[in-house]
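This is input-v2.tsv. It holds TSV, C-alpha atoms and all ligand atoms.
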chain	number	residue	atom	x	y	z
A	246	MET	CA	-8.68	46.58	-6.59
A	247	ARG	CA	-9.53	47.28	-10.22
A	248	ARG	CA	-6.70	48.12	-12.58
A	249	PRO	CA	-6.85	49.66	-16.07
A	250	ASN	CA	-6.12	48.00	-19.39
A	251	LEU	CA	-3.53	49.69	-21.60
A	252	LEU	CA	-2.94	49.34	-25.33
A	253	LEU	CA	0.55	49.94	-26.71
A	254	THR	CA	0.51	50.27	-30.47
A	255	GLY	CA	2.66	51.63	-33.29
A	256	THR	CA	4.79	50.52	-36.22
A	257	PRO	CA	7.02	47.46	-35.68
A	258	GLY	CA	10.30	48.58	-34.07
A	259	VAL	CA	9.02	51.64	-32.20
A	260	GLY	CA	9.60	50.01	-28.82
A	261	LYS	CA	6.24	48.57	-27.72
A	262	THR	CA	7.73	45.36	-26.34
A	263	THR	CA	10.54	47.12	-24.50
A	264	LEU	CA	8.12	49.56	-22.86
A	265	GLY	CA	5.40	46.99	-22.20
A	266	LYS	CA	7.67	44.44	-20.51
A	267	GLU	CA	9.36	47.07	-18.34
A	268	LEU	CA	6.01	48.53	-17.38
A	269	ALA	CA	4.72	45.09	-16.44
A	270	SER	CA	7.76	44.39	-14.29
A	271	ARG	CA	7.45	47.73	-12.49
A	272	THR	CA	3.66	47.56	-11.93
A	273	GLY	CA	2.93	43.84	-11.66
A	274	MET	CA	0.44	44.16	-14.50
A	275	THR	CA	0.14	41.44	-17.15
A	276	TYR	CA	1.96	42.00	-20.45
A	277	ILE	CA	0.50	40.38	-23.55
A	278	ASN	CA	2.28	40.43	-26.91
A	279	VAL	CA	-0.47	39.62	-29.42
A	280	GLY	CA	2.05	38.68	-32.12
A	281	ASP	CA	3.70	36.08	-29.86
A	282	MET	CA	0.34	34.83	-28.64
A	283	ALA	CA	-0.82	34.31	-32.23
A	284	LYS	CA	2.38	32.47	-33.08
A	285	GLU	CA	2.13	30.15	-30.08
A	286	GLY	CA	-1.55	29.38	-30.63
A	287	GLU	CA	-1.31	29.46	-34.44
A	288	LEU	CA	-4.10	32.01	-34.46
A	289	TYR	CA	-3.83	32.61	-38.19
A	290	GLU	CA	-6.19	32.42	-41.09
A	291	GLY	CA	-3.81	32.38	-44.04
A	292	PHE	CA	-0.63	33.95	-45.36
A	293	ASP	CA	-0.21	37.36	-46.95
A	294	GLU	CA	2.20	36.88	-49.86
A	295	GLU	CA	2.53	40.60	-50.55
A	296	TYR	CA	3.53	41.50	-47.01
A	297	ASP	CA	5.30	38.20	-46.34
A	298	CYS	CA	3.52	37.48	-43.05
A	299	PRO	CA	0.73	35.32	-41.69
A	300	ILE	CA	-2.76	36.82	-41.43
A	301	LEU	CA	-4.02	37.15	-37.88
A	302	ASP	CA	-7.27	35.39	-36.98
A	303	GLU	CA	-8.68	38.40	-35.16
A	304	ASP	CA	-11.81	36.67	-33.86
A	305	ARG	CA	-9.81	33.92	-32.18
A	306	VAL	CA	-7.40	36.45	-30.68
A	307	ILE	CA	-10.34	38.34	-29.19
A	308	ASP	CA	-11.91	35.14	-27.84
A	309	GLU	CA	-8.64	34.13	-26.17
A	310	LEU	CA	-8.14	37.54	-24.55
A	311	GLU	CA	-11.68	38.32	-23.44
A	312	ASP	CA	-11.55	36.80	-19.93
A	313	LYS	CA	-8.22	38.39	-19.04
A	314	MET	CA	-9.29	41.79	-20.33
A	315	SER	CA	-12.43	41.79	-18.24
A	316	GLU	CA	-10.32	41.29	-15.10
A	317	GLY	CA	-8.25	44.43	-15.88
A	318	GLY	CA	-4.57	45.15	-15.34
A	319	VAL	CA	-3.48	44.06	-18.82
A	320	ILE	CA	-0.93	45.71	-21.12
A	321	VAL	CA	-1.59	44.70	-24.74
A	322	ASP	CA	1.14	45.14	-27.38
A	323	TYR	CA	0.29	44.97	-31.09
A	324	HIS	CA	1.06	46.79	-34.34
A	325	GLY	CA	-2.62	47.12	-35.09
A	326	CYS	CA	-5.60	48.22	-33.05
A	327	ASP	CA	-8.79	48.51	-35.09
A	328	PHE	CA	-10.14	45.03	-34.36
A	329	PHE	CA	-10.00	45.01	-30.55
A	330	PRO	CA	-13.28	45.84	-28.79
A	331	GLU	CA	-13.20	49.54	-27.95
A	332	ARG	CA	-14.50	48.86	-24.43
A	333	TRP	CA	-11.36	46.89	-23.53
A	334	PHE	CA	-8.99	49.84	-23.16
A	335	HIS	CA	-8.89	52.72	-20.72
A	336	ILE	CA	-5.98	54.36	-22.53
A	337	VAL	CA	-4.12	53.90	-25.81
A	338	PHE	CA	-0.49	54.84	-26.38
A	339	VAL	CA	0.88	55.16	-29.91
A	340	LEU	CA	4.67	55.04	-29.83
A	341	ARG	CA	6.43	57.19	-32.43
A	342	THR	CA	9.99	56.89	-33.70
A	343	GLU	CA	11.93	59.14	-36.06
A	344	ASN	CA	12.90	57.62	-39.35
A	345	SER	CA	16.66	57.36	-38.83
A	346	PHE	CA	16.26	55.53	-35.51
A	347	LEU	CA	13.57	53.25	-36.89
A	348	TYR	CA	15.63	52.43	-39.97
A	349	ASP	CA	18.55	51.24	-37.83
A	350	ARG	CA	16.31	49.18	-35.54
A	351	LEU	CA	14.48	47.45	-38.38
A	352	GLU	CA	17.68	46.84	-40.31
A	353	SER	CA	19.31	45.20	-37.30
A	354	ARG	CA	16.17	43.07	-36.97
A	355	GLY	CA	16.99	41.80	-40.46
A	356	TYR	CA	14.30	43.66	-42.38
A	357	LYS	CA	15.28	44.71	-45.88
A	358	GLY	CA	13.86	45.74	-49.25
A	359	LYS	CA	10.10	46.10	-49.45
A	360	LYS	CA	9.45	44.99	-45.88
A	361	LEU	CA	11.83	47.64	-44.52
A	362	GLN	CA	10.39	50.35	-46.78
A	363	ASP	CA	6.77	49.43	-45.99
A	364	ASN	CA	7.38	49.68	-42.27
A	365	LEU	CA	9.23	53.00	-42.56
A	366	GLN	CA	6.37	54.35	-44.67
A	367	CYS	CA	3.86	53.11	-42.13
A	368	GLU	CA	5.59	55.29	-39.54
A	369	ILE	CA	6.03	58.31	-41.82
A	370	PHE	CA	2.33	58.25	-42.77
A	371	GLN	CA	1.42	57.80	-39.08
A	372	THR	CA	-0.81	54.91	-40.08
A	373	LEU	CA	-1.14	53.48	-36.58
A	374	TYR	CA	-1.88	56.87	-35.02
A	375	GLU	CA	-4.70	57.40	-37.49
A	376	GLU	CA	-5.99	53.87	-36.94
A	377	ALA	CA	-6.02	54.49	-33.18
A	378	MET	CA	-7.77	57.85	-33.54
A	379	LEU	CA	-10.46	56.23	-35.68
A	380	SER	CA	-10.90	53.24	-33.37
A	381	TYR	CA	-10.94	54.86	-29.91
A	382	ARG	CA	-12.17	58.09	-28.35
A	383	GLU	CA	-9.61	60.76	-29.23
A	384	GLU	CA	-9.27	61.78	-25.57
A	385	ILE	CA	-7.77	58.42	-24.63
A	386	VAL	CA	-5.25	58.22	-27.51
A	387	HIS	CA	-1.78	59.59	-26.74
A	388	GLN	CA	1.39	59.67	-28.82
A	389	LEU	CA	4.69	59.00	-27.08
A	390	PRO	CA	8.12	59.76	-28.59
A	391	SER	CA	10.24	56.60	-28.51
A	392	ASN	CA	13.65	57.48	-29.91
A	393	THR	CA	16.08	57.27	-26.99
A	394	PRO	CA	16.51	55.55	-23.63
A	395	GLU	CA	15.57	58.91	-22.03
A	396	ASP	CA	12.25	58.78	-23.90
A	397	LEU	CA	11.68	55.28	-22.54
A	398	GLU	CA	12.25	56.41	-18.94
A	399	ARG	CA	10.00	59.44	-19.35
A	400	ASN	CA	7.25	57.30	-20.89
A	401	LEU	CA	7.49	54.81	-18.03
A	402	ASP	CA	7.23	57.60	-15.46
A	403	GLN	CA	4.27	59.22	-17.17
A	404	ILE	CA	2.36	56.00	-17.64
A	405	MET	CA	2.96	54.92	-14.03
A	406	GLN	CA	1.64	58.29	-12.83
A	407	TRP	CA	-1.41	57.88	-15.02
A	408	ILE	CA	-2.05	54.37	-13.66
A	409	GLU	CA	-1.75	55.60	-10.09
A	410	GLN	CA	-4.26	58.37	-10.75
A	411	TRP	CA	-6.64	55.96	-12.48
A	412	MET	CA	-6.51	53.65	-9.47
A	413	LYS	CA	-7.32	56.53	-7.12
A	414	ASP	CA	-10.23	57.64	-9.29
A	415	ASN	CA	-11.67	54.17	-9.85
A	416	ASN	CA	-11.31	52.33	-6.55
B	501	LIG	P1	8.37	46.77	-31.06
B	501	LIG	O1	7.88	45.89	-29.94
B	501	LIG	O2	7.55	48.02	-31.21
B	501	LIG	O3	8.56	46.05	-32.36
B	501	LIG	P2	10.91	46.67	-29.61
B	501	LIG	O4	10.50	46.95	-28.20
B	501	LIG	O5	11.17	45.27	-30.00
B	501	LIG	O6	9.83	47.31	-30.63
B	501	LIG	O7	12.17	47.62	-29.90
B	501	LIG	C1	12.91	47.52	-31.12
B	501	LIG	C2	14.36	47.82	-30.83
B	501	LIG	O8	14.52	49.18	-30.42
B	501	LIG	C3	14.96	46.99	-29.70
B	501	LIG	O9	16.28	46.67	-30.08
B	501	LIG	C4	14.98	47.91	-28.50
B	501	LIG	C5	15.10	49.27	-29.13
B	501	LIG	N1	14.36	50.33	-28.40
B	501	LIG	C6	13.09	50.29	-27.99
B	501	LIG	N2	12.73	51.42	-27.39
B	501	LIG	C7	13.82	52.24	-27.44
B	501	LIG	C8	14.08	53.57	-27.00
B	501	LIG	N3	13.16	54.33	-26.37
B	501	LIG	N4	15.32	54.07	-27.22
B	501	LIG	C9	16.27	53.34	-27.82
B	501	LIG	N5	16.07	52.07	-28.29
B	501	LIG	C10	14.86	51.54	-28.09
As structure tokens, please, write out the structure in this file.
Ligand code: DAT
Amino acid sequence: MRRPNLLLTGTPGVGKTTLGKELASRTGMTYINVGDMAKEGELYEGFDEEYDCPILDEDRVIDELEDKMSEGGVIVDYHGCDFFPERWFHIVFVLRTENSFLYDRLESRGYKGKKLQDNLQCEIFQTLYEEAMLSYREEIVHQLPSNTPEDLERNLDQIMQWIEQWMKDNN
């Protein structure tokens, strides 16, 4: 039985991990957090002083994921999306969070000053949505509101319905 690959993207704090893990537990699909994977494997190629974070070694990330992605049934979570092979994903979800909610979440994560402002701006300018629209066919890119627990439930329901339909159409 072939299963689709999903990409969850969006600004840090919008709820990718929360949605991805819950989706994986409800569907039995594999959840992969690219940030965690990079940390564990030290898949970095330097440090960005301006943004105060390590620079992802994108080629090594792709090499490590390739086999799993070709099997299908993978949920990928990352706050970037332009370097993944386009052929990997059957659907792309960009989570969106209103500023006041995002501010509180990032602040309680310990972000402050420039890092906090940069991430809020990233969401206001819909940077990840534009990156996704430029990197994948527009028809497969969907925005999902991710402000409240009700949003989370609705997103889970909608995505599970989509997966079910995809399985019917492709098996
Ligand atoms: P990300 O993986 O995009 O960085 P996260 O899943 O770690 O985000 O979520 C950040 C925080 O927000 C975390 O404390 C859980 C909370 N959260 C996530 N989705 C939410 C939602 N739909 N409603 C309310 N809180 C949410």
List the neighbours of stretch 351-365 of chain A out to 12 Å using only C-alpha atoms; skip same-chain residues closer than 3 positions along the sequence, and give me the result as a ChimeraX atom specification. /A:255-260,294-298,324,341-348,368-373
Throw together the list of residues within 6 Å of ligand LIG 501 (chain B), counting only C-alpha atoms and all ligand atoms, and drop it here as a PyMOL selection string. chain A and resi 257-263+350+391-394+396-397
From the list A:Glu375, A:Glu409, A:Asp327, A:Asp322, which residue is nearest A:Gly265 when using only C-alpha atoms?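 Going through A:Glu375, A:Glu409, A:Asp327, A:Asp322 one by one, the smallest distance to A:Gly265 is for A:Asp322.
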Find, counting all atoms listed in the file, the residue in A:Pro390, A:Pro330, A:Gly318, A:Pro299 that gets nearest to A:Leu268. A:Gly318
For each of A:Ala269, A:Leu264, A:Ile307, A:Leu389, take the minimum atom-to-atom distance to A:Ala283, counting all atoms listed in the file, then give the residue where this is smallest. A:Ile307
So the first atom is atom CA of A:Arg271 and the second is atom CA of A:Asn415; what is the distance between them in Å, to one decimal place?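 Straight-line distance from atom CA of A:Arg271 to atom CA of A:Asn415 works out to 20.3 Å.
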Quick one: distance from atom CA of A:Leu401 to atom CA of A:Glu267 in Å, one decimal? 8.0 Å
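If you measure from each of A:Lys313, A:Arg332, A:Arg399, A:Arg382 to A:Tyr276 using only C-alpha atoms, the closest one turns out to be A:Lys313.
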Need the shell around A:Glu316: protein/DNA/RNA residues with any atom at most 10 Å away, counting all atoms listed in the file. Skip same-chain ones fewer than 5 positions apart. Format as a short mmCIF file (atom, residue, chain, number, x, y, z; two decimals) with C-alpha atoms, in the frame of the given file?
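In the end it all went to out36.cif:
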data_model
loop_
_atom_site.label_atom_id
_atom_site.label_comp_id
_atom_site.auth_asym_id
_atom_site.auth_seq_id
_atom_site.Cartn_x
_atom_site.Cartn_y
_atom_site.Cartn_z
CA ARG A 247 -9.53 47.28 -10.22
CA ARG A 248 -6.70 48.12 -12.58
CA PRO A 249 -6.85 49.66 -16.07
CA ASN A 250 -6.12 48.00 -19.39
CA GLU A 311 -11.68 38.32 -23.44
#
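Note that atom CA of A:Glu376 and atom CA of A:Phe329 are 11.6 Å apart.
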Top pick for closest residue to A:Asp402, considering A:Asp293, A:Thr272, A:Met378, A:Ser315 and counting only C-alpha atoms: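 Of all the options, A:Thr272 lies closest to A:Asp402.
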Shell of 12 Å around A:Ile385, only C-alpha atoms, local chain residues under 5 positions omitted, as an mmCIF file with C-alpha atoms, in the frame of the given file:
data_model
loop_
_atom_site.group_PDB
_atom_site.id
_atom_site.type_symbol
_atom_site.label_atom_id
_atom_site.label_comp_id
_atom_site.auth_asym_id
_atom_site.auth_seq_id
_atom_site.Cartn_x
_atom_site.Cartn_y
_atom_site.Cartn_z
ATOM 1 C CA ASN A 250 -6.120 48.000 -19.390
ATOM 2 C CA LEU A 251 -3.530 49.690 -21.600
ATOM 3 C CA LEU A 252 -2.940 49.340 -25.330
ATOM 4 C CA GLU A 331 -13.200 49.540 -27.950
ATOM 5 C CA ARG A 332 -14.500 48.860 -24.430
ATOM 6 C CA PHE A 334 -8.990 49.840 -23.160
ATOM 7 C CA HIS A 335 -8.890 52.720 -20.720
ATOM 8 C CA ILE A 336 -5.980 54.360 -22.530
ATOM 9 C CA VAL A 337 -4.120 53.900 -25.810
ATOM 10 C CA PHE A 338 -0.490 54.840 -26.380
ATOM 11 C CA VAL A 339 0.880 55.160 -29.910
ATOM 12 C CA ALA A 377 -6.020 54.490 -33.180
ATOM 13 C CA MET A 378 -7.770 57.850 -33.540
ATOM 14 C CA LEU A 379 -10.460 56.230 -35.680
ATOM 15 C CA SER A 380 -10.900 53.240 -33.370
ATOM 16 C CA TRP A 407 -1.410 57.880 -15.020
#
Coords for stretch 354-373 of chain A, N, CA, C and O atoms, as an mmCIF file, in the first residue's frame:
data_model
loop_
_atom_site.group_PDB
_atom_site.id
_atom_site.type_symbol
_atom_site.label_atom_id
_atom_site.label_comp_id
_atom_site.auth_asym_id
_atom_site.auth_seq_id
_atom_site.Cartn_x
_atom_site.Cartn_y
_atom_site.Cartn_z
ATOM 1 N N ARG A 354 9.120 30.296 24.556
ATOM 2 C CA ARG A 354 10.222 29.433 24.125
ATOM 3 C C ARG A 354 11.567 30.079 24.455
ATOM 4 O O ARG A 354 12.626 29.488 24.224
ATOM 5 N N GLY A 355 11.515 31.316 24.948
ATOM 6 C CA GLY A 355 12.743 31.996 25.356
ATOM 7 C C GLY A 355 13.343 32.900 24.290
ATOM 8 O O GLY A 355 14.434 33.444 24.468
ATOM 9 N N TYR A 356 12.623 33.073 23.184
ATOM 10 C CA TYR A 356 13.124 33.986 22.150
ATOM 11 C C TYR A 356 12.936 35.419 22.632
ATOM 12 O O TYR A 356 11.911 35.750 23.214
ATOM 13 N N LYS A 357 13.947 36.259 22.353
ATOM 14 C CA LYS A 357 13.759 37.688 22.623
ATOM 15 C C LYS A 357 14.569 38.527 21.655
ATOM 16 O O LYS A 357 15.341 37.999 20.854
ATOM 17 N N GLY A 358 14.359 39.855 21.735
ATOM 18 C CA GLY A 358 15.126 40.779 20.900
ATOM 19 C C GLY A 358 15.004 40.485 19.422
ATOM 20 O O GLY A 358 13.923 40.198 18.918
ATOM 21 N N LYS A 359 16.153 40.510 18.740
ATOM 22 C CA LYS A 359 16.164 40.372 17.288
ATOM 23 C C LYS A 359 15.589 39.041 16.816
ATOM 24 O O LYS A 359 14.860 38.972 15.824
ATOM 25 N N LYS A 360 15.910 37.967 17.543
ATOM 26 C CA LYS A 360 15.432 36.648 17.137
ATOM 27 C C LYS A 360 13.899 36.592 17.160
ATOM 28 O O LYS A 360 13.269 36.063 16.243
ATOM 29 N N LEU A 361 13.319 37.149 18.218
ATOM 30 C CA LEU A 361 11.855 37.203 18.325
ATOM 31 C C LEU A 361 11.265 38.048 17.195
ATOM 32 O O LEU A 361 10.339 37.623 16.496
ATOM 33 N N GLN A 362 11.841 39.229 16.991
ATOM 34 C CA GLN A 362 11.326 40.133 15.950
ATOM 35 C C GLN A 362 11.474 39.526 14.554
ATOM 36 O O GLN A 362 10.564 39.626 13.729
ATOM 37 N N ASP A 363 12.608 38.897 14.294
ATOM 38 C CA ASP A 363 12.828 38.298 12.961
ATOM 39 C C ASP A 363 11.795 37.219 12.669
ATOM 40 O O ASP A 363 11.287 37.118 11.549
ATOM 41 N N ASN A 364 11.497 36.419 13.669
ATOM 42 C CA ASN A 364 10.531 35.336 13.452
ATOM 43 C C ASN A 364 9.114 35.879 13.283
ATOM 44 O O ASN A 364 8.354 35.378 12.450
ATOM 45 N N LEU A 365 8.768 36.912 14.051
ATOM 46 C CA LEU A 365 7.439 37.523 13.889
ATOM 47 C C LEU A 365 7.315 38.146 12.502
ATOM 48 O O LEU A 365 6.290 38.001 11.828
ATOM 49 N N GLN A 366 8.393 38.788 12.055
ATOM 50 C CA GLN A 366 8.378 39.398 10.723
ATOM 51 C C GLN A 366 8.262 38.359 9.630
ATOM 52 O O GLN A 366 7.589 38.558 8.621
ATOM 53 N N CYS A 367 8.934 37.240 9.842
ATOM 54 C CA CYS A 367 8.882 36.132 8.887
ATOM 55 C C CYS A 367 7.432 35.695 8.674
ATOM 56 O O CYS A 367 6.994 35.438 7.549
ATOM 57 N N GLU A 368 6.667 35.674 9.755
ATOM 58 C CA GLU A 368 5.260 35.268 9.670
ATOM 59 C C GLU A 368 4.413 36.377 9.046
ATOM 60 O O GLU A 368 3.578 36.125 8.176
ATOM 61 N N ILE A 369 4.649 37.616 9.461
ATOM 62 C CA ILE A 369 3.879 38.739 8.911
ATOM 63 C C ILE A 369 4.095 38.854 7.392
ATOM 64 O O ILE A 369 3.159 39.079 6.634
ATOM 65 N N PHE A 370 5.320 38.686 6.945
ATOM 66 C CA PHE A 370 5.617 38.795 5.508
ATOM 67 C C PHE A 370 5.303 37.506 4.748
ATOM 68 O O PHE A 370 5.642 37.366 3.599
ATOM 69 N N GLN A 371 4.714 36.555 5.397
ATOM 70 C CA GLN A 371 4.385 35.221 4.857
ATOM 71 C C GLN A 371 5.509 34.629 4.006
ATOM 72 O O GLN A 371 5.303 34.076 2.933
ATOM 73 N N THR A 372 6.716 34.740 4.577
ATOM 74 C CA THR A 372 7.921 34.276 3.899
ATOM 75 C C THR A 372 7.856 32.802 3.510
ATOM 76 O O THR A 372 8.201 32.434 2.388
ATOM 77 N N LEU A 373 7.402 31.963 4.435
ATOM 78 C CA LEU A 373 7.377 30.529 4.152
ATOM 79 C C LEU A 373 6.289 30.167 3.143
ATOM 80 O O LEU A 373 6.468 29.256 2.336
#
